[in-house]
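Right, one structure below, let's go through it.
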Amino acid sequence: MKKLLLSTIFLSSIICFGQTALLPSYNDFIDGILKNNPLVKRAANEKKYAELQLRASRGNYDPLISGTYNQKQFNGANYFTTLNTEIKQPIFTNQYLKFGYDYGVGSNVNPELYTPSQGLPYLGVEIGVLQGLLIDKRRAEVLKSKAYIHYYTAEQKIQLNTFLFESSQRYFEWLFSANQIALNNYFMGAARKRLEGIEALANNGERATIDTVEAAIFYQTRLLDLQNALMDNQKNTNDLSGLIWQNNAPSALVNNYRAIDSLEIYYNKAKTVLTENLNLANSQNPILSKYSAYQKVLDTEVRFKKEMIKPILNVKYNFISNSGSAINPVLSNNNYKWGLNMSFPLLLRNPINEYKMAKVISENNSLELLNKTNELNFKINALQKTVSILAQQLLNAERSVSYSKLLLEAEKLKFENGESSVFMINTRENKLLETELKLAEYKLKFIKMVLNIIYLNGSLNYKIG
């Protein structure tokens, strides 16, 4: 018996004097995760990436400056010197404004490139009048990048939603295991006191010695239950420690956390949160937002591929200055240069089939969006139907606890009057512990169900109370 008591003292020292830390409340725990956890910061980079992608696509509208210079000297004579510089500014789709300067002199310069000694400044336009008039690759990339802002914002929320959901579950699983330790510790203490009392009575001859054996066996069972609860709690503590970061570093691993609030408090708070979230539409779920945003990307791609079926017909027109100044050119309708280029594939197999493929991808995403919406609706409906059943289970579990307490107290009174046995008290106590643990399980299940509803609604508002 002394060995059992010593093991109890050892376990109590582990529980009370091990390396412990005060665990923040659940809401503070969520705030800490959002502020410090690297996975949250990684999720924030999704939107940052989309913003950079949009800026990059808009960079395709930046003006482009180009130039070529050629000169040939032969036998001391300048055969030719040519220079062409141009600034080209994209406007909207396949249209450009151009400003340039041509210079070509020399005894053997190509007549096509010959200019007066002061050169020829020009101002011109270039327009795609068929393919690219309504939309071109540059414009499509900007439109897709704008849609990707919403896409990656939704992706960020998906990652946050999943991470907060899993972290919340770990927090309450740990709180449940802490509740198990408290219950098992309480009942182990009761079994220890009973063993000590029966030993004292046996020593005085008021109880049979065999009663001490039965009390010791029961105490040993309680001790094993407590050890199992401690192992479960240690696993949950390790899982929880991995989520808690401070100053860009993981927090120190501790043996035990001490909770500020109890499972019972959060169970009562979760009831209020349930009524606030049960009737919310899941339209704000980021999974649906992601598919909707991607649909806009695909619709833009379909529109662009359809545009590529048209023939290419680009028209260029330059007003040429005949003044001697390149700084202040004088433009005239009599001095100009224009041209056009046209191309068109005879069979159109490539653009037509690329357009059809883009339509198939767009249609598949639309069907997937419909399926995800239907799937989330079914899950929400299933949880709504589960609420009433779980509420009834909780009510029955609370009644079982109440009845078990009454039976235990009655059995203790009978034992004091010599009308019962240690076996019956142990049986009643076993039943009370069983119903207490079952009630705690139902409360944890209820809290998890509320978290699941928040997860499916996608509001990211995981705080309780």
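Naming scheme: A, B, ... for chains in displayed order of the structure tokens; residues 1 onward per chain; ligands 1 onward as shown.
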
Could you name the residues that touch Ile320 (chain A) at 7 Å or less, counting only C-alpha atoms, but leaving out those on the same chain fewer than 2 positions away, as a PyMOL selection string? chain A and resi 120-123+318+322+331+335-336

Compile a residue-level contact table for region 399-442 of chain A against region 176-185 of chain A at a cut-off of 9 Å, reporting for every qualifying residue the shortest atom pair and its distance in Å to one decimal, with only C-alpha atoms counted, rows ordered by chain and ascending number, as CSV.
```
residue,atom,partner,partner_atom,distance
A:Leu433,CA,A:Leu183,CA,7.4
A:Glu436,CA,A:Leu183,CA,7.9
A:Leu437,CA,A:Gln180,CA,7.0
A:Ala440,CA,A:Phe176,CA,7.1
A:Glu441,CA,A:Phe176,CA,7.7
```

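Ranking A:Val40, A:Leu52, A:Val315, A:Val213 by their shortest atom-to-atom distance to Phe423 (chain A), with only C-alpha atoms included, puts A:Val213 first.
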
Which residue of A:Asp261, A:Asp239, A:Glu354, A:Glu214 approaches Lys305 (chain A) most closely, using only C-alpha atoms: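 Under the stated criterion, the closest residue is A:Glu354.
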
One decimal, Å: what's the distance from CA of Ala293 (chain A) over to CA of Gln384 (chain A), could you say?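 About the pair CA of Ala293 (chain A) and CA of Gln384 (chain A): they are 28.6 Å apart.
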
Which residues, written as a count of residues only, have at least one atom at most 8 Å from Lys463 (chain A), with only C-alpha atoms counted and residues fewer than 4 positions away on the same chain left out? 3

Can you pull out the residues contacting Leu223 (chain A)? Cut-off 7 Å, using only C-alpha atoms, and skip same-chain residues under 4 positions away; I want them as a VMD selection string. chain A and resid 188 219 227

How would the residues just chosen look if you wrote them out with N, CA and C atoms as a tab-separated table (two decimals), in the first residue's frame?
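Output saved as out_7.tsv:
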```
chain	number	residue	atom	x	y	z
A	188	MET	N	-9.15	9.75	-8.08
A	188	MET	CA	-8.04	9.02	-7.48
A	188	MET	C	-7.84	9.46	-6.03
A	219	TYR	N	-8.03	1.70	-6.15
A	219	TYR	CA	-7.12	2.84	-6.17
A	219	TYR	C	-6.09	2.69	-7.30
A	227	GLN	N	-2.70	8.15	-15.12
A	227	GLN	CA	-1.48	8.08	-15.95
A	227	GLN	C	-1.82	8.14	-17.44
```

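Of the residues under consideration (A:Lys137, A:Arg399, A:Gly67, A:Glu411), A:Glu411 shows the shortest atom-to-atom contact distance to Ile425 (chain A) when counting only C-alpha atoms.
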
Check region 94-137 of chain A with DSSP on the backbone and list each residue it calls strand (DSSP E), as a PyMOL selection string. chain A and resi 95-105+120-128
